[in-house]
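**Q** One structure follows; several queries about it will come next.
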Amino acid sequence: MGRLLKLREAHKTDAPATCSVLWAHDGSHLATSCASDTEVLIHDLSAPPPGRSGSNAGSSPVVLRHHKEGVTAIALGPMAGPLASGSFDHSVKLYNFPVGSFQGNVTRFTLPIKSLAFNKSGSLLAAAGDDDGIKLISTIDLTISRVLKGHRGSVTGLSFDPKHDYLASIDSFGTVIYWELSTGKQLHTLKSIAPNYNSDSSVLNTLSWRPDGEMLAVPGLRNDVVMYDRDTGEKLFNLRGDHEKSVCSFCWSPNGKYLATSGLDKQVLIWDVDLKQDIERQKFEERICGLSWKPVGNSLAVIDVVGRFGIWDNPVPVSMKSPTEGVVLNEPHPLFEDEDEEVLGKGISCYSGSLDDSIEKGSGDFSPISRKRVKKRGPSFDEGEEVLQEIDSRKRRKESENKRGDGGIRERAVRMQDAFQVGFTPPQQGKRRFLCYNLLGCVTSLENDGFSHVEVDFHDTGRGPRVPSMTDYFGFTMAALNEKGCVLANPCKGEKNMSTLMYRPFGSWANNSEWSMRFELEEVKVVALGKNWVAAVTSHNFLRIFTESGLQMHILSVNGPVVAAAGSGDLLAVVNHASDCLSSGDQVLEIKVFNINEATQTISGRLPLTPCSHLTWLGFSEDGRLGSFDSKGNLRVYSDQFGGSWLPVFSADKARKSEDENYWIVGFNATKLFCIVCKSPESYPSVMPKPVLTILEFSSPLASSDLGADEVENEFMMTNLQLSEIRKKIKDMEAFGLDVTALDDEAFSLEVKLDRCILKLIASCCHSDRLVRATELARLLSTQKSLKGAITIVTASKLPILQEKFSTILEERMLDDLKTPEPIPTGRSNGKTAYSVQPPVRLSPMMEKSPDLNNRTPNTIKPQIKSSPATETLKLVKARSSTPENLAQGEDISKERELGSKLEKLATFVKGKGNATSEVTGKDVSSSATGNVKPELKIPINPFARVKKVT
């Protein structure tokens with residue numbers, strides 16, 4: 001540490017107050033202000049003060065006395081641009097810098113201003129404070145271009161992205177919002193990631209972009225500074241050292257290699273950001289609340305809460321790289337490449353005329369001030385809108401050039417998504433957070449005085465005894481929960497503290513059933529829980545699998561850094577990065593699903609995401625279906641269709657009722673999504689009050705159909721997906737010889753539901769004159785009764801050609817049914833019913849021409865004739881010109897009884913000429929000495945009911 005830095009008084013204060021210091025771009029002047037002083041001072045550092053020499057504080061300052069109350073914020077435009085000041089008197093004023101001549105009032109708020117910021121080009125000034133909204137003011141004509149609303153507390157910090165795409169803001173509650181300048185929309189909202197200073201007006205949260213615009217620095221909750229990604233808003237790393245209290249102010253060196261931080265502990269630390277360690281420090285008598293690097297040298301200006309300022313020479317050791325090395329001074333911004341150099345050089349002072357001192361009343365939009373402009377414009381030209389349109393145009397142009405690879409622009413590498421625990425929420429200072437939240441229950445944690453209090457709660461309070469809470473001395477940040485227990489883990493805390501994994505069963509026949517594991521030089525990233533197993537994926541890309549009792553069973557290698565994991569039953573899904581991100585911003589993720597019990601891998605491949613999105617949720621449904629949800633609001637479910645595909649079944653854009661709704665996913669089942677609706681800017685639910693679960697129906701992302709039956713088409717898609725899943729389960733269970741009666745009934749119900757959807761679509765096709773599509777739909781109907789219903793629809797619609805088509809389809813279906821052999825019970829073997837395959841006898845299609853056209857033999861009535869070969873039956877069917885007398889030689893047929901107005905049945909009684917066996921009774925009904933015996937047939941009342949197998 002160097003010698004103790006002595007500070008010089010600039011502003012007089014009666015109590016600690018927020019003070020600011022700014023350095024001119026050429027390093028010749030300093031501007032200072034204080035919230036307890038109405039003056040803004042401009043210090044000339046080119047000459048020593050009168051009567052002294054060798055001082056680091058220049059001659060007598062220029063005093064600006066235009067505010068009626070204390071000055072709370074100052075900002076300086078680029079390259080000798082204007083100086084802006086905000087005050088407790090609710091006004092924002094502009095001055096020529098460094099001469100200090102007053103230009104005029106810019107805007108007025110209804111409450112005090114807390115923060116000001118210019119963008120890199122100086123074309124926009126952002127102003128905010130205790131009012132609801134951030135005003136973007138065009139410095140070209142001093143009109144308000146846009147008002148950004150979303151913060152719930154006082155906005156205390158503003159910072160424009162150096163690349164001119166975003167504006168970052170922070171409030172007194174510690175919430176950070178990324179604003180997209182081209183649209184004015186919230187790109188990311190980071191809830192309560194910084195300290196909460198709402199009750200202390202002398203401390204203001206601040207934030208700052210690194211000069212290259214790749215990351216945003218924000219004060220952390222652990223006496224540190226946290227870096228967040230430019231595009232995704234996710235945490236990159238933190239700088240944590242010897243600050244004993246929260247960091248309250250910081251600033252970047254001109255080249256972005258170093259960061260100066262001041263804390264409530266009255267220390268200022270200099271950090272090498274690449275090395276993530278502090279290289280120099282100073283201790284002061286009072287808290288330093290303002291910092292500013294000299295743009296052209298190795299010096300740092302500081303100001304404390306009592307209005308004293310000074311210059312720290314050589315804060316970076318001379319043996320290290322200079323804080324200004326590699327910096328290009330006076331580089332024109334791309335937005336103004338074609339503008340006059342005079343405008344760039346003089347900023348707002350180049351405009352002729354004076355500003356009107358009138359200011360807006362209330363919190364409404366500011367009325368534009370009439371003034372002369374540098375370039376000739378039309379009478380209705382909006383300069384502020386032009387600036388934002390130019391930003392949007394330039395952004396699209398750069399994206400296009402990057403995609404083509406031309407224009408000499410180097411493609412920027414996009415950072416890979418960090419690992420996250422499914423169902424967690426970020427920490428909030430002084431508030432309880434979720435370590436895990438699912439359809440079963442939740443695990444919550446509340447940090448207090450260095451340790452946490454962990455509780456487990458189930459949504460169904462009657463499921464069993466309450467799980468006792470526990471004191472957490474490890475600082476657990478992630479958890480997974482199922483019916484039998486929960487697993488918790490924490491990341492590494494410094495070099496000496498190891499990552500810990502703990503499993504806590506809810507009930508056990510033995511004592512000390514709880515167990516834990518420690519990892520040296522390895523950090524747990526995500527955890528998962530299943531049936532009798534616990535899994536953890538670590539920073540070494542190891543998948544570690546433990547038994548329920550803590551036995552280490554398997555250690556597998558994952559192909560890349562893990563992103564998320566989820567477990568259910570025997571299945572464990574792990575998502576990891578397959579490669580670096582694409583230049584378009586797309587994450588390249590890989591997913592594997594393991595069966596832990598069988599030590600097999602059931603799914604392996606790429607995980608699809610919406611372009612420019614990242615994974616936000618991963619999990620299984622109750623029936624074992626795997627689903628994923630991305631940041632663009634799309635839910636995909638894995639299906640075996642087409643050799644294994646991800647099917648989009650839900651889109652938040654179509655489901656949300658208003659633009660401020662965010663969906664935090666909890667789980668899903670076959671047809672519904674379970675989530676918690678968060679109102680923007682909230683992205684996560686709070687523990688108290690207890691979140692309300694919302695149930696949303698699945699909806700496929702269908703194109704707008706010309707039928708105008710989007711709901712019916714969506715129901716058709718979803719039902720078809722359910723039916724395919726049920727049929728797969730039936731096939732798998734039959735392969736193992738399991739009973740599938742319940743699944744058969746469920747599949748049949750879905751077939752009936754699907755037929756109803758198809759009939760509705762056929763009716764829509766008839767009304768829209770889509771006859772070819774109606775014919776395709778008719779071929780998808782599963783029952784003959786549904787086909788008859790379709791014929792009724794087209795008959796009522798007076799479409800004789802379509803009626804003939806449908807009748808042909810019905811005849812073909814009846815013929816196909818005759819060709820399909822069906823099993824018949826013939827006895828029992830090894831305790832199971834044995835079946836033989838015999839062709840069923842069906843009614844001849846020629847009966848369609850009988851007067852009773854609607855009478856048909858139901859599919860469920862299938863009398864079997866052992867002595868009647870299939871070839872003889874087909875011969876009878878093909879004899880379309882035969883008479884009823886011809887058929888009488890092979891079988892006797894009686895008409896079925898009509899049951900109801902729409903549901904009819906035919907009961908066919910067969911008198912066999914040879915030996916025949918009744919399908920229902922199994923008795924021999926062949927001709928004998930006692931005479932011919934007619935088979936006993938049971939006619940089901942429900943025309944859709946299936947005849948159960950006789951055991």
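Residue names in the structure tokens use chain letters A, B, ... in the order shown, residue numbers from 1 in each chain, and ligand numbers from 1 in the order shown.
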Show me, as a list in words, the residues that have an atom within 7 Å of range 592-604 of chain A when counting only C-alpha atoms, minus same-chain residues fewer than 4 positions from it.
**A**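 Answer for this query is Asp570, Leu571, Leu572, Ala573, Val574 and Val575 of chain A.
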**Q** Which of these, A:Cys766, A:Met215, A:Ala535, A:Ala35, has the shortest distance to Lys798 in chain A once you count only C-alpha atoms?
**A**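 For Lys798 in chain A, the nearest of the candidates is A:Cys766.
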**Q** I'd like the neighbourhood of Ile676 in chain A as a list of chain:residue names, where a residue qualifies if any of its atoms comes within 8 Å (using only C-alpha atoms), though same-chain residues fewer than 6 positions away should be ignored.
**A** A:Tyr663, A:Trp664, A:Ile665, A:Val666, A:Pro685, A:Pro691, A:Val692, A:Leu693, A:Thr694
**Q** Fewer than 3 positions away in the same chain doesn't count, so skip those; otherwise give me all residues within 10 Å of Thr206 in chain A, counting only C-alpha atoms, as a list in words.
**A**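 Listing them by chain and then by number gives Ser115, Val155, Thr156, Gly157, Leu158, Ser159, Ser169, Ile170, Asp171, Ser172, Gly174, Val176, Ala194, Val203, Ala217, Val218, Pro219, Val247, Cys248, Ser249, Phe250 and Cys251 of chain A.
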**Q** Identify, on the basis of only C-alpha atoms, every residue whose closest approach to range 160-166 of chain A does not exceed 8 Å; exclude the query and any residue fewer than 6 positions from it along the same chain; express the result as a VMD selection string.
**A** chain A and resid 117 to 120 178 to 182 209 211 to 213 391 395
**Q** Using only N, CA, C and O atoms, please write the residues we just selected to a file, as a PDB file, in the first residue's frame.
**A**
ATOM      1  N   ALA A 117     -26.788   9.746 -17.151  1.00  0.00           N
ATOM      2  CA  ALA A 117     -25.763   9.078 -17.957  1.00  0.00           C
ATOM      3  C   ALA A 117     -25.912   9.483 -19.411  1.00  0.00           C
ATOM      4  O   ALA A 117     -27.036   9.569 -19.935  1.00  0.00           O
ATOM      5  N   PHE A 118     -24.776   9.751 -20.072  1.00  0.00           N
ATOM      6  CA  PHE A 118     -24.729   9.974 -21.514  1.00  0.00           C
ATOM      7  C   PHE A 118     -24.336   8.670 -22.198  1.00  0.00           C
ATOM      8  O   PHE A 118     -23.563   7.872 -21.641  1.00  0.00           O
ATOM      9  N   ASN A 119     -24.845   8.477 -23.429  1.00  0.00           N
ATOM     10  CA  ASN A 119     -24.317   7.350 -24.208  1.00  0.00           C
ATOM     11  C   ASN A 119     -22.962   7.745 -24.802  1.00  0.00           C
ATOM     12  O   ASN A 119     -22.522   8.899 -24.691  1.00  0.00           O
ATOM     13  N   LYS A 120     -22.289   6.798 -25.441  1.00  0.00           N
ATOM     14  CA  LYS A 120     -20.920   7.020 -25.886  1.00  0.00           C
ATOM     15  C   LYS A 120     -20.818   8.136 -26.913  1.00  0.00           C
ATOM     16  O   LYS A 120     -19.836   8.881 -26.961  1.00  0.00           O
ATOM     17  N   TYR A 178     -31.911  -4.784 -18.079  1.00  0.00           N
ATOM     18  CA  TYR A 178     -31.309  -4.490 -19.370  1.00  0.00           C
ATOM     19  C   TYR A 178     -32.413  -3.958 -20.281  1.00  0.00           C
ATOM     20  O   TYR A 178     -33.405  -4.640 -20.510  1.00  0.00           O
ATOM     21  N   TRP A 179     -32.246  -2.761 -20.817  1.00  0.00           N
ATOM     22  CA  TRP A 179     -33.216  -2.180 -21.756  1.00  0.00           C
ATOM     23  C   TRP A 179     -32.638  -2.222 -23.158  1.00  0.00           C
ATOM     24  O   TRP A 179     -31.494  -1.844 -23.372  1.00  0.00           O
ATOM     25  N   GLU A 180     -33.434  -2.667 -24.111  1.00  0.00           N
ATOM     26  CA  GLU A 180     -33.020  -2.651 -25.510  1.00  0.00           C
ATOM     27  C   GLU A 180     -33.384  -1.283 -26.092  1.00  0.00           C
ATOM     28  O   GLU A 180     -34.564  -0.920 -26.169  1.00  0.00           O
ATOM     29  N   LEU A 181     -32.368  -0.528 -26.507  1.00  0.00           N
ATOM     30  CA  LEU A 181     -32.602   0.845 -26.934  1.00  0.00           C
ATOM     31  C   LEU A 181     -33.449   0.929 -28.200  1.00  0.00           C
ATOM     32  O   LEU A 181     -34.226   1.863 -28.376  1.00  0.00           O
ATOM     33  N   SER A 182     -33.301  -0.047 -29.091  1.00  0.00           N
ATOM     34  CA  SER A 182     -34.024   0.039 -30.367  1.00  0.00           C
ATOM     35  C   SER A 182     -35.527  -0.116 -30.195  1.00  0.00           C
ATOM     36  O   SER A 182     -36.302   0.397 -30.989  1.00  0.00           O
ATOM     37  N   TRP A 209     -20.805  -0.585 -17.343  1.00  0.00           N
ATOM     38  CA  TRP A 209     -20.332  -1.479 -18.403  1.00  0.00           C
ATOM     39  C   TRP A 209     -18.812  -1.383 -18.519  1.00  0.00           C
ATOM     40  O   TRP A 209     -18.244  -0.301 -18.381  1.00  0.00           O
ATOM     41  N   PRO A 211     -15.502  -1.018 -20.655  1.00  0.00           N
ATOM     42  CA  PRO A 211     -15.357  -0.207 -21.869  1.00  0.00           C
ATOM     43  C   PRO A 211     -15.562  -0.953 -23.177  1.00  0.00           C
ATOM     44  O   PRO A 211     -15.952  -0.339 -24.170  1.00  0.00           O
ATOM     45  N   ASP A 212     -15.307  -2.273 -23.204  1.00  0.00           N
ATOM     46  CA  ASP A 212     -15.553  -3.014 -24.443  1.00  0.00           C
ATOM     47  C   ASP A 212     -16.996  -3.488 -24.554  1.00  0.00           C
ATOM     48  O   ASP A 212     -17.392  -4.068 -25.571  1.00  0.00           O
ATOM     49  N   GLY A 213     -17.796  -3.269 -23.534  1.00  0.00           N
ATOM     50  CA  GLY A 213     -19.216  -3.609 -23.582  1.00  0.00           C
ATOM     51  C   GLY A 213     -19.539  -5.071 -23.424  1.00  0.00           C
ATOM     52  O   GLY A 213     -20.699  -5.471 -23.571  1.00  0.00           O
ATOM     53  N   ILE A 391     -29.983   3.503 -34.300  1.00  0.00           N
ATOM     54  CA  ILE A 391     -29.439   2.432 -33.464  1.00  0.00           C
ATOM     55  C   ILE A 391     -29.945   1.087 -33.948  1.00  0.00           C
ATOM     56  O   ILE A 391     -29.190   0.127 -34.126  1.00  0.00           O
ATOM     57  N   LYS A 395     -27.790  -1.892 -35.707  1.00  0.00           N
ATOM     58  CA  LYS A 395     -27.745  -3.214 -35.092  1.00  0.00           C
ATOM     59  C   LYS A 395     -28.089  -4.303 -36.103  1.00  0.00           C
ATOM     60  O   LYS A 395     -27.419  -5.324 -36.194  1.00  0.00           O
TER      61      LYS A 395
END
**Q** For a quick check of understanding, using only C-alpha atoms, which of A:Gly86, A:Ser700, A:Ala774, A:Pro98 has the smallest distance to Ala127 in chain A?
**A**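 Under the stated criterion, the closest residue is A:Gly86.
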**Q** Taking the backbone alone, and naming residues the way the document does, which bits of range 161-310 of chain A are strand (DSSP E or B) by DSSP, as a ChimeraX atom specification?
**A** /A:166-171,176-180,186-190,208-209,215-219,225-229,235-239,247-252,258-263,267-272,277-283,288-293,299-304,308-310
**Q** Go through range 641-700 of chain A and collect every residue that DSSP, computed from the backbone, puts in helix (DSSP H, G or I); the answer should be as an MDAnalysis selection string.
**A** chainID A and resid 641:643 652:655
**Q** Atoms to include: all heavy atoms. Write the selected residues as a PDB file, in the first residue's frame.
**A**
ATOM      1  N   GLN A 641     -41.773 -40.680 -31.836  1.00  0.00           N
ATOM      2  CA  GLN A 641     -42.182 -40.508 -33.232  1.00  0.00           C
ATOM      3  C   GLN A 641     -40.990 -40.087 -34.096  1.00  0.00           C
ATOM      4  O   GLN A 641     -40.116 -39.346 -33.642  1.00  0.00           O
ATOM      5  CB  GLN A 641     -43.294 -39.467 -33.350  1.00  0.00           C
ATOM      6  CG  GLN A 641     -44.594 -39.878 -32.689  1.00  0.00           C
ATOM      7  CD  GLN A 641     -45.681 -38.831 -32.854  1.00  0.00           C
ATOM      8  OE1 GLN A 641     -45.503 -37.829 -33.544  1.00  0.00           O
ATOM      9  NE2 GLN A 641     -46.817 -39.052 -32.219  1.00  0.00           N
ATOM     10  N   PHE A 642     -40.968 -40.576 -35.316  1.00  0.00           N
ATOM     11  CA  PHE A 642     -39.920 -40.252 -36.284  1.00  0.00           C
ATOM     12  C   PHE A 642     -38.520 -40.582 -35.736  1.00  0.00           C
ATOM     13  O   PHE A 642     -37.561 -39.840 -35.942  1.00  0.00           O
ATOM     14  CB  PHE A 642     -39.988 -38.780 -36.695  1.00  0.00           C
ATOM     15  CG  PHE A 642     -41.288 -38.394 -37.331  1.00  0.00           C
ATOM     16  CD1 PHE A 642     -42.272 -37.761 -36.591  1.00  0.00           C
ATOM     17  CD2 PHE A 642     -41.544 -38.682 -38.662  1.00  0.00           C
ATOM     18  CE1 PHE A 642     -43.481 -37.412 -37.163  1.00  0.00           C
ATOM     19  CE2 PHE A 642     -42.747 -38.335 -39.246  1.00  0.00           C
ATOM     20  CZ  PHE A 642     -43.719 -37.710 -38.505  1.00  0.00           C
ATOM     21  N   GLY A 643     -38.435 -41.694 -35.016  1.00  0.00           N
ATOM     22  CA  GLY A 643     -37.141 -42.127 -34.534  1.00  0.00           C
ATOM     23  C   GLY A 643     -36.629 -41.358 -33.345  1.00  0.00           C
ATOM     24  O   GLY A 643     -35.445 -41.457 -33.007  1.00  0.00           O
ATOM     25  N   ALA A 652     -45.432 -19.636 -25.010  1.00  0.00           N
ATOM     26  CA  ALA A 652     -45.859 -18.588 -24.087  1.00  0.00           C
ATOM     27  C   ALA A 652     -46.415 -17.380 -24.827  1.00  0.00           C
ATOM     28  O   ALA A 652     -47.301 -16.690 -24.323  1.00  0.00           O
ATOM     29  CB  ALA A 652     -44.678 -18.167 -23.209  1.00  0.00           C
ATOM     30  N   ASP A 653     -45.906 -17.109 -26.023  1.00  0.00           N
ATOM     31  CA  ASP A 653     -46.385 -15.956 -26.786  1.00  0.00           C
ATOM     32  C   ASP A 653     -47.870 -16.070 -27.089  1.00  0.00           C
ATOM     33  O   ASP A 653     -48.593 -15.068 -27.106  1.00  0.00           O
ATOM     34  CB  ASP A 653     -45.593 -15.815 -28.085  1.00  0.00           C
ATOM     35  CG  ASP A 653     -44.155 -15.393 -27.834  1.00  0.00           C
ATOM     36  OD1 ASP A 653     -43.898 -14.800 -26.768  1.00  0.00           O
ATOM     37  OD2 ASP A 653     -43.289 -15.655 -28.688  1.00  0.00           O
ATOM     38  N   LYS A 654     -48.343 -17.284 -27.350  1.00  0.00           N
ATOM     39  CA  LYS A 654     -49.757 -17.473 -27.658  1.00  0.00           C
ATOM     40  C   LYS A 654     -50.616 -17.590 -26.402  1.00  0.00           C
ATOM     41  O   LYS A 654     -51.803 -17.287 -26.425  1.00  0.00           O
ATOM     42  CB  LYS A 654     -49.938 -18.732 -28.519  1.00  0.00           C
ATOM     43  CG  LYS A 654     -49.381 -18.605 -29.929  1.00  0.00           C
ATOM     44  CD  LYS A 654     -49.751 -19.807 -30.773  1.00  0.00           C
ATOM     45  CE  LYS A 654     -49.276 -19.635 -32.211  1.00  0.00           C
ATOM     46  NZ  LYS A 654     -49.660 -20.786 -33.060  1.00  0.00           N
ATOM     47  N   ALA A 655     -49.995 -18.014 -25.302  1.00  0.00           N
ATOM     48  CA  ALA A 655     -50.772 -18.260 -24.083  1.00  0.00           C
ATOM     49  C   ALA A 655     -50.931 -17.024 -23.219  1.00  0.00           C
ATOM     50  O   ALA A 655     -51.965 -16.862 -22.561  1.00  0.00           O
ATOM     51  CB  ALA A 655     -50.122 -19.372 -23.269  1.00  0.00           C
TER      52      ALA A 655
END
**Q** Which residues are near Leu609 in chain A? Cut-off 7 Å, only C-alpha atoms, ignore same chain within fewer than 4 positions. Put them as a tab-separated table (two decimals) with all heavy atoms, in the first residue's frame.
**A**
chain	number	residue	atom	x	y	z
A	613	SER	N	-31.90	-18.31	-27.70
A	613	SER	CA	-32.47	-18.54	-26.38
A	613	SER	C	-31.56	-19.45	-25.58
A	613	SER	O	-30.56	-19.96	-26.08
A	613	SER	CB	-33.87	-19.17	-26.50
A	613	SER	OG	-33.77	-20.50	-26.96
A	614	HIS	N	-31.90	-19.66	-24.32
A	614	HIS	CA	-31.16	-20.59	-23.47
A	614	HIS	C	-32.15	-21.42	-22.68
A	614	HIS	O	-33.33	-21.09	-22.56
A	614	HIS	CB	-30.22	-19.83	-22.53
A	614	HIS	CG	-30.90	-18.82	-21.66
A	614	HIS	ND1	-31.15	-17.52	-22.08
A	614	HIS	CD2	-31.41	-18.91	-20.40
A	614	HIS	CE1	-31.76	-16.86	-21.13
A	614	HIS	NE2	-31.94	-17.67	-20.10
A	630	ASP	N	-37.46	-23.19	-22.84
A	630	ASP	CA	-36.39	-22.23	-23.09
A	630	ASP	C	-36.83	-20.81	-22.76
A	630	ASP	O	-37.99	-20.55	-22.42
A	630	ASP	CB	-35.88	-22.32	-24.54
A	630	ASP	CG	-36.95	-22.03	-25.58
A	630	ASP	OD1	-37.79	-21.14	-25.33
A	630	ASP	OD2	-36.94	-22.65	-26.65
